[in-house]
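The structure file coords34.txt is reproduced below (compact mmCIF, C-alpha atoms).
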# COMPACT_ATOMS: atom_id res chain seq x y z
CA MET E 71 0.00 0.00 0.00
CA ALA E 72 2.31 2.72 -1.23
CA GLN E 73 1.52 6.26 -0.22
CA LEU E 74 1.28 8.41 -3.32
CA VAL E 75 0.27 11.83 -2.04
CA GLN E 76 -0.50 13.44 1.29
CA PHE E 77 -1.48 17.03 2.02
CA ASP E 78 -3.43 19.07 4.51
CA ILE E 79 -4.76 22.58 4.33
CA TRP E 80 -6.93 25.11 6.17
CA ILE E 81 -9.35 26.80 3.81
CA PRO E 82 -11.62 29.83 4.31
CA ASN E 83 -15.25 29.02 5.08
CA ASP E 84 -16.30 29.34 1.47
CA THR E 85 -17.82 26.80 -0.92
CA ALA E 86 -15.73 28.02 -3.88
CA GLU E 87 -12.56 27.35 -1.89
CA ALA E 88 -13.96 23.97 -0.90
CA ARG E 89 -14.58 23.13 -4.54
CA ASP E 90 -10.95 23.88 -5.36
CA VAL E 91 -9.83 21.31 -2.77
CA GLN E 92 -12.41 18.90 -4.11
CA GLU E 93 -10.98 19.32 -7.63
CA ARG E 94 -7.46 18.84 -6.29
CA ILE E 95 -8.36 15.51 -4.66
CA ILE E 96 -10.35 14.23 -7.65
CA GLY E 97 -7.52 15.37 -9.94
CA LEU E 98 -5.06 13.28 -7.91
CA MET E 99 -7.35 10.26 -8.15
CA GLU E 100 -7.77 10.70 -11.90
CA GLN E 101 -4.01 11.09 -12.39
CA ASN E 102 -3.58 7.78 -10.63
CA ALA E 103 -6.16 6.11 -12.89
CA TRP E 104 -8.87 5.58 -10.28
CA PRO E 105 -12.11 4.34 -11.90
CA MET E 106 -14.70 6.98 -12.79
CA ARG E 107 -17.23 5.32 -10.53
CA ASP E 108 -14.95 5.78 -7.51
CA CYS E 109 -14.22 9.39 -8.50
CA PHE E 110 -17.97 10.04 -8.74
CA GLY E 111 -18.60 8.73 -5.22
CA VAL E 112 -15.67 10.58 -3.68
CA ARG E 113 -16.56 13.85 -5.42
CA LEU E 114 -20.14 13.63 -4.21
CA SER E 115 -19.01 12.77 -0.68
CA LEU E 116 -16.51 15.65 -0.62
CA GLU E 117 -19.20 18.04 -1.82
CA GLU E 118 -21.66 16.92 0.84
CA ALA E 119 -19.09 16.84 3.66
CA LEU E 120 -17.57 20.23 2.83
CA VAL E 121 -20.97 21.91 2.43
CA ASN E 122 -22.02 20.41 5.78
CA ALA E 123 -18.84 21.75 7.44
CA ILE E 124 -19.27 25.24 5.97
CA LYS E 125 -23.04 25.61 6.32
CA HIS E 126 -24.02 23.54 9.33
CA GLY E 127 -20.71 23.30 11.22
CA ASN E 128 -19.30 26.79 10.78
CA ARG E 129 -22.74 28.28 10.06
CA MET E 130 -21.41 30.27 7.11
CA ASP E 131 -19.24 32.33 9.48
CA PRO E 132 -16.60 33.99 7.26
CA ASP E 133 -14.18 34.18 10.22
CA LYS E 134 -14.08 30.40 10.57
CA LYS E 135 -12.04 27.92 8.59
CA VAL E 136 -12.26 24.30 7.48
CA TYR E 137 -9.39 21.84 7.78
CA VAL E 138 -8.96 19.27 5.05
CA ALA E 139 -6.38 16.48 5.08
CA CYS E 140 -6.03 13.99 2.27
CA GLU E 141 -3.97 10.85 1.92
CA LEU E 142 -3.93 8.88 -1.30
CA THR E 143 -2.34 5.44 -1.52
CA ASP E 144 -2.49 3.06 -4.44
CA ASP E 145 -5.67 1.45 -3.14
CA GLU E 146 -7.34 3.97 -0.79
CA VAL E 147 -8.16 7.64 -0.50
CA LYS E 148 -8.71 9.01 3.01
CA VAL E 149 -9.99 12.50 3.78
CA VAL E 150 -10.40 14.28 7.11
CA ILE E 151 -12.68 17.34 7.21
CA GLU E 152 -12.94 19.40 10.37
CA ASP E 153 -14.96 22.54 11.03
CA GLN E 154 -14.77 25.02 13.90
CA GLY E 155 -18.38 24.61 14.96
CA ASP E 156 -19.92 23.03 18.06
CA GLY E 157 -20.34 19.62 16.43
CA PHE E 158 -23.43 17.42 16.24
CA LYS E 159 -24.52 13.89 16.95
CA VAL E 160 -24.61 12.00 13.68
CA GLU E 161 -26.95 9.38 15.18
CA GLY E 162 -29.45 12.20 15.81
CA VAL E 163 -29.87 12.90 12.10
CA PRO E 164 -33.25 11.56 10.94
CA ASP E 165 -33.36 8.87 8.25
CA PRO E 166 -34.23 10.75 5.04
CA THR E 167 -35.71 7.60 3.50
CA ASP E 168 -38.42 7.23 6.17
CA ASP E 169 -41.84 7.90 4.68
CA GLU E 170 -42.35 11.04 6.79
CA ASN E 171 -39.00 12.46 5.63
CA LEU E 172 -39.01 11.40 1.98
CA GLU E 173 -40.44 14.68 0.73
CA LYS E 174 -38.25 16.91 2.89
CA PRO E 175 -35.85 18.89 0.73
CA SER E 176 -32.76 18.40 2.94
CA GLY E 177 -31.00 15.84 5.14
CA ARG E 178 -29.56 13.45 2.54
CA GLY E 179 -25.88 14.39 2.53
CA ILE E 180 -24.68 12.08 5.29
CA MET E 181 -26.59 9.14 3.90
CA LEU E 182 -24.92 9.66 0.50
CA ILE E 183 -21.44 9.85 2.07
CA ARG E 184 -22.08 6.65 4.01
CA SER E 185 -23.25 4.91 0.87
CA PHE E 186 -20.50 6.01 -1.48
CA MET E 187 -17.52 5.81 0.89
CA THR E 188 -16.21 2.59 2.44
CA GLY E 189 -15.15 4.26 5.71
CA PHE E 190 -17.11 6.91 7.66
CA ARG E 191 -16.51 8.15 11.22
CA TYR E 192 -17.23 11.34 13.15
CA ASN E 193 -15.19 12.25 16.23
CA ASP E 194 -16.99 12.43 19.60
CA LYS E 195 -17.53 16.19 19.34
CA GLY E 196 -19.04 15.77 15.90
CA ASN E 197 -17.01 18.44 14.11
CA GLN E 198 -14.51 16.16 12.39
CA LEU E 199 -15.34 13.58 9.76
CA THR E 200 -12.88 10.94 8.61
CA MET E 201 -13.99 9.22 5.45
CA SER E 202 -12.23 6.82 3.14
CA LYS E 203 -12.77 4.96 -0.08
CA LYS E 204 -11.13 1.70 -1.06
CA LEU E 205 -10.26 1.38 -4.71
CA GLY E 206 -12.97 -0.40 -6.65
CA VAL E 207 -15.02 -1.44 -3.59
CA VAL E 208 -18.78 -0.96 -3.79
CA ASN E 209 -20.85 -0.92 -0.61
CA GLU E 210 -23.61 -3.50 -0.57
CA GLU E 211 -27.01 -2.29 0.56
CA MET A 208 -37.58 35.50 -10.35
CA SER A 209 -34.99 33.70 -12.38
CA THR A 210 -31.79 35.58 -12.86
CA GLY A 211 -28.41 34.92 -14.36
CA THR A 212 -27.39 32.57 -17.13
CA ARG A 213 -30.03 30.26 -18.45
CA ARG A 214 -29.48 26.85 -16.97
CA LEU A 215 -32.30 25.11 -18.81
CA GLU A 216 -32.83 24.59 -22.51
CA LEU A 217 -36.58 24.61 -23.17
CA GLU A 218 -38.43 22.81 -25.93
CA GLU A 219 -42.15 22.40 -26.45
CA VAL A 220 -43.22 18.96 -27.66
CA GLY A 221 -46.99 19.11 -28.13
CA ASP A 222 -48.37 20.16 -24.76
CA VAL A 223 -45.25 19.03 -22.92
CA THR A 224 -42.39 21.31 -21.91
CA VAL A 225 -39.02 19.59 -22.04
CA ALA A 226 -36.43 21.31 -19.87
CA LYS A 227 -32.90 20.11 -20.45
CA PHE A 228 -30.22 20.95 -17.90
CA THR A 229 -27.26 22.64 -19.58
CA ASP A 230 -24.84 22.13 -16.65
CA LYS A 231 -22.71 19.02 -16.30
CA LYS A 232 -22.40 19.55 -12.58
CA ILE A 233 -25.32 20.69 -10.45
CA LEU A 234 -23.38 21.27 -7.26
CA ASP A 235 -22.88 24.92 -6.58
CA GLU A 236 -25.41 26.47 -4.21
CA GLY A 237 -25.72 29.62 -6.34
CA ASN A 238 -26.32 27.63 -9.52
CA ILE A 239 -28.81 25.39 -7.77
CA GLN A 240 -30.69 28.47 -6.61
CA ILE A 241 -30.83 29.81 -10.18
CA ILE A 242 -31.87 26.42 -11.56
CA GLY A 243 -34.56 26.18 -8.89
CA ASN A 244 -35.92 29.61 -9.80
CA GLN A 245 -35.96 28.73 -13.49
CA LEU A 246 -37.72 25.43 -12.77
CA PHE A 247 -40.31 27.04 -10.51
CA ALA A 248 -40.95 29.71 -13.14
CA LEU A 249 -42.09 26.98 -15.54
CA ILE A 250 -44.91 26.09 -13.18
CA GLU A 251 -45.76 29.73 -12.47
CA GLU A 252 -46.06 30.27 -16.22
CA GLY A 253 -48.81 27.66 -16.18
CA ARG A 254 -47.02 24.71 -17.78
CA GLN A 255 -48.79 21.54 -16.71
CA LYS A 256 -46.63 18.80 -18.19
CA ILE A 257 -42.91 19.02 -17.66
CA VAL A 258 -40.10 16.63 -18.51
CA LEU A 259 -36.67 17.25 -17.00
CA ASP A 260 -33.92 15.92 -19.27
CA PHE A 261 -30.73 14.98 -17.38
CA SER A 262 -28.70 13.80 -20.37
CA ASN A 263 -26.01 16.46 -19.84
CA VAL A 264 -25.78 16.01 -16.09
CA GLU A 265 -22.75 14.14 -14.72
CA TYR A 266 -22.93 15.20 -11.07
CA LEU A 267 -25.54 16.48 -8.69
CA SER A 268 -25.57 17.01 -4.95
CA SER A 269 -28.19 16.58 -2.27
CA ALA A 270 -28.91 20.33 -2.51
CA ALA A 271 -30.04 19.74 -6.11
CA LEU A 272 -32.22 16.85 -4.94
CA GLY A 273 -33.87 19.27 -2.53
CA LYS A 274 -34.81 21.61 -5.38
CA LEU A 275 -36.24 18.72 -7.38
CA ILE A 276 -38.37 17.67 -4.42
CA THR A 277 -39.73 21.20 -4.06
CA MET A 278 -40.34 21.26 -7.81
CA ASP A 279 -42.27 17.99 -7.59
CA LYS A 280 -44.44 19.40 -4.79
CA LYS A 281 -45.19 22.54 -6.78
CA VAL A 282 -46.12 20.55 -9.87
CA LYS A 283 -48.43 18.32 -7.83
CA ALA A 284 -50.02 21.37 -6.16
CA ALA A 285 -50.68 22.80 -9.64
CA LYS A 286 -52.17 19.42 -10.64
CA GLY A 287 -49.48 19.05 -13.27
CA LYS A 288 -47.22 16.17 -14.19
CA LEU A 289 -43.45 15.93 -13.86
CA ARG A 290 -41.13 13.31 -15.27
CA LEU A 291 -37.36 12.93 -15.11
CA CYS A 292 -35.45 11.23 -17.90
CA ALA A 293 -32.04 10.26 -19.28
CA ILE A 294 -30.40 9.95 -15.88
CA ARG A 295 -27.05 8.21 -16.05
CA PRO A 296 -26.46 5.18 -13.80
CA ASP A 297 -24.19 6.95 -11.27
CA ILE A 298 -26.79 9.63 -10.71
CA TYR A 299 -29.64 7.15 -10.68
CA GLU A 300 -27.83 5.51 -7.78
CA VAL A 301 -28.07 8.80 -5.85
CA PHE A 302 -31.85 8.72 -6.33
CA ALA A 303 -32.01 5.02 -5.42
CA ILE A 304 -29.92 5.37 -2.23
CA THR A 305 -32.17 8.18 -1.01
CA LYS A 306 -35.26 6.28 -2.24
CA LEU A 307 -36.28 9.27 -4.32
CA ASN A 308 -36.73 6.91 -7.26
CA LYS A 309 -40.03 6.08 -5.51
CA LEU A 310 -41.06 9.72 -5.33
CA PHE A 311 -40.21 10.74 -8.89
CA ASP A 312 -41.60 9.40 -12.14
CA MET A 313 -38.36 8.49 -13.96
CA LYS A 314 -37.92 7.20 -17.50
CA ASP A 315 -34.89 5.89 -19.36
CA ASN A 316 -35.01 8.40 -22.20
CA LEU A 317 -36.94 11.36 -23.58
CA GLU A 318 -39.10 9.27 -25.91
CA ALA A 319 -40.30 7.15 -23.01
CA ALA A 320 -40.87 10.26 -20.88
CA LEU A 321 -43.07 11.85 -23.52
CA GLN A 322 -45.22 8.76 -23.91
CA GLY A 323 -48.55 8.97 -22.19
CA LEU A 324 -47.71 12.09 -20.19

Let me see the structure of the file written as structure tokens.
Amino acid sequence: MAQLVQFDIWIPNDTAEARDVQERIIGLMEQNAWPMRDCFGVRLSLEEALVNAIKHGNRMDPDKKVYVACELTDDEVKVVIEDQGDGFKVEGVPDPTDDENLEKPSGRGIMLIRSFMTGFRYNDKGNQLTMSKKLGVVNEE
Amino acid sequence: MSTGTRRLELEEVGDVTVAKFTDKKILDEGNIQIIGNQLFALIEEGRQKIVLDFSNVEYLSSAALGKLITMDKKVKAAKGKLRLCAIRPDIYEVFAITKLNKLFDMKDNLEAALQGL
């Protein structure tokens, strides 16, 4: 499991900045010939996780920042995303696929990350997400 | 009101309005807001039968799903009909994971979407 790339960065609390990091990570995966399907899942998960950190974690506060760390090996990509908010309890997030929630316009991001990534863990405070994707592994429902 | 660049290509096929997304990625909050406004305007203009064509779309986020859900509610409230079509498998998976494939009327391609609408 050779490490190919590792970086970490603090970015301003801004979705455009977040998208640049997203592009950087996907670009690294593409350069290393990761399958498109994996890139799709990781891009979507990065989008959801970064938007959650900026909007819900840091509550759009322009004085706050988001930490992103990425490690790419030849068979796994691991990303840590941390905001400067108060955190939340991931188990308290309602299931968006329950009948009473199905027509609600929000609340699907975490479910998508869990589905597309192979590893998913929040710290106890709930302001730091560690997520990972194994090359070519598809989660079974 | 819809503002900014047009994000939907509109075509009338009989009494059906086909709205094709022009973006490959429906991710950015600002874009999603504009797309939402342009979609909602279709209903406000009195269009009853709407097909959303996803053939250009390679990525969408949960924020875009939220707009589509609101769109679906508005169409139903106006007693109209909404169909989604030409969704590529990766994106279909996003709908399937969130079980929104049960909520939306989805067809493989535009021809199938126009049939019997």

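Interatomic distance, CA of Thr277 (chain A) to CA of Leu291 (chain A): 14.0 Å.
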
Show me, as a count of residues only, the residues that have an atom within 7 Å of region 304-308 of chain A when counting all atoms listed in the file, minus same-chain residues fewer than 4 positions from it. 4

With only C-alpha atoms considered, list every residue of chain E at most 10 Å from chain A, as a ChimeraX atom specification. /E:85-86,89,106-107,110-111,113-115,117-118,121,165-169,172-182,185-186,211

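For Gly189 (chain E), the non-local neighbours within 8 Å, defined as residues at least 5 positions apart in the same chain or in other chains and counting only C-alpha atoms, are E:Arg184, E:Thr200, E:Met201, E:Ser202, E:Lys203.
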
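Closest to Ile257 (chain A) among A:Ile242, A:Ala284, A:Leu324, A:Ile294 is A:Leu324, based on all atoms listed in the file.
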
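One distance worth recording is that between CA of Ala123 (chain E) and CA of Lys135 (chain E), which is 9.3 Å.
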
Mind checking which residues fall within 8 Å of Leu289 (chain A), counting only C-alpha atoms, ignoring those fewer than 2 positions away in the same chain, and posting them as a ChimeraX atom specification? /A:256-259,279,282,287,291,311-312

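The coordinates place CA of Gln76 (chain E) at 25.0 Å from CA of Asn209 (chain E).
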
Could you add N, CA and C atoms to region 300-321 of chain A and give me the result as a short mmCIF file (atom, residue, chain, number, x, y, z; two decimals), keeping the file's coordinate frame?
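Writing the result to part_2.cif gives the following:
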data_model
loop_
_atom_site.label_atom_id
_atom_site.label_comp_id
_atom_site.auth_asym_id
_atom_site.auth_seq_id
_atom_site.Cartn_x
_atom_site.Cartn_y
_atom_site.Cartn_z
N GLU A 300 -28.17 6.11 -9.07
CA GLU A 300 -27.83 5.51 -7.78
C GLU A 300 -28.08 6.49 -6.62
N VAL A 301 -27.81 7.78 -6.87
CA VAL A 301 -28.07 8.80 -5.85
C VAL A 301 -29.56 8.84 -5.52
N PHE A 302 -30.40 8.75 -6.55
CA PHE A 302 -31.85 8.72 -6.33
C PHE A 302 -32.26 7.42 -5.61
N ALA A 303 -31.63 6.32 -6.00
CA ALA A 303 -32.01 5.02 -5.42
C ALA A 303 -31.60 4.95 -3.95
N ILE A 304 -30.40 5.41 -3.62
CA ILE A 304 -29.92 5.37 -2.23
C ILE A 304 -30.87 6.15 -1.33
N THR A 305 -31.31 7.30 -1.82
CA THR A 305 -32.17 8.18 -1.01
C THR A 305 -33.66 7.84 -1.20
N LYS A 306 -33.89 6.78 -1.96
CA LYS A 306 -35.26 6.28 -2.24
C LYS A 306 -36.13 7.31 -2.96
N LEU A 307 -35.51 8.27 -3.58
CA LEU A 307 -36.28 9.27 -4.32
C LEU A 307 -36.73 8.72 -5.67
N ASN A 308 -36.21 7.56 -6.04
CA ASN A 308 -36.73 6.91 -7.26
C ASN A 308 -38.18 6.48 -7.07
N LYS A 309 -38.61 6.40 -5.79
CA LYS A 309 -40.03 6.08 -5.51
C LYS A 309 -40.90 7.33 -5.64
N LEU A 310 -40.29 8.47 -5.34
CA LEU A 310 -41.06 9.72 -5.33
C LEU A 310 -41.24 10.26 -6.74
N PHE A 311 -40.17 10.16 -7.54
CA PHE A 311 -40.21 10.74 -8.89
C PHE A 311 -40.61 9.71 -9.93
N ASP A 312 -41.26 10.21 -10.97
CA ASP A 312 -41.60 9.40 -12.14
C ASP A 312 -40.39 9.50 -13.08
N MET A 313 -39.62 8.43 -13.20
CA MET A 313 -38.36 8.49 -13.96
C MET A 313 -38.41 7.53 -15.15
N LYS A 314 -37.94 8.03 -16.28
CA LYS A 314 -37.92 7.20 -17.50
C LYS A 314 -36.51 7.17 -18.07
N ASP A 315 -36.25 6.10 -18.84
CA ASP A 315 -34.89 5.89 -19.36
C ASP A 315 -34.46 6.99 -20.33
N ASN A 316 -35.39 7.41 -21.17
CA ASN A 316 -35.01 8.40 -22.20
C ASN A 316 -36.18 9.35 -22.48
N LEU A 317 -35.93 10.33 -23.32
CA LEU A 317 -36.94 11.36 -23.58
C LEU A 317 -38.17 10.78 -24.26
N GLU A 318 -37.96 9.87 -25.20
CA GLU A 318 -39.10 9.27 -25.91
C GLU A 318 -40.05 8.61 -24.90
N ALA A 319 -39.47 7.84 -24.00
CA ALA A 319 -40.30 7.15 -23.01
C ALA A 319 -40.99 8.15 -22.08
N ALA A 320 -40.30 9.25 -21.78
CA ALA A 320 -40.87 10.26 -20.88
C ALA A 320 -42.05 10.98 -21.52
N LEU A 321 -41.99 11.12 -22.83
CA LEU A 321 -43.07 11.85 -23.52
C LEU A 321 -44.30 10.96 -23.72
#
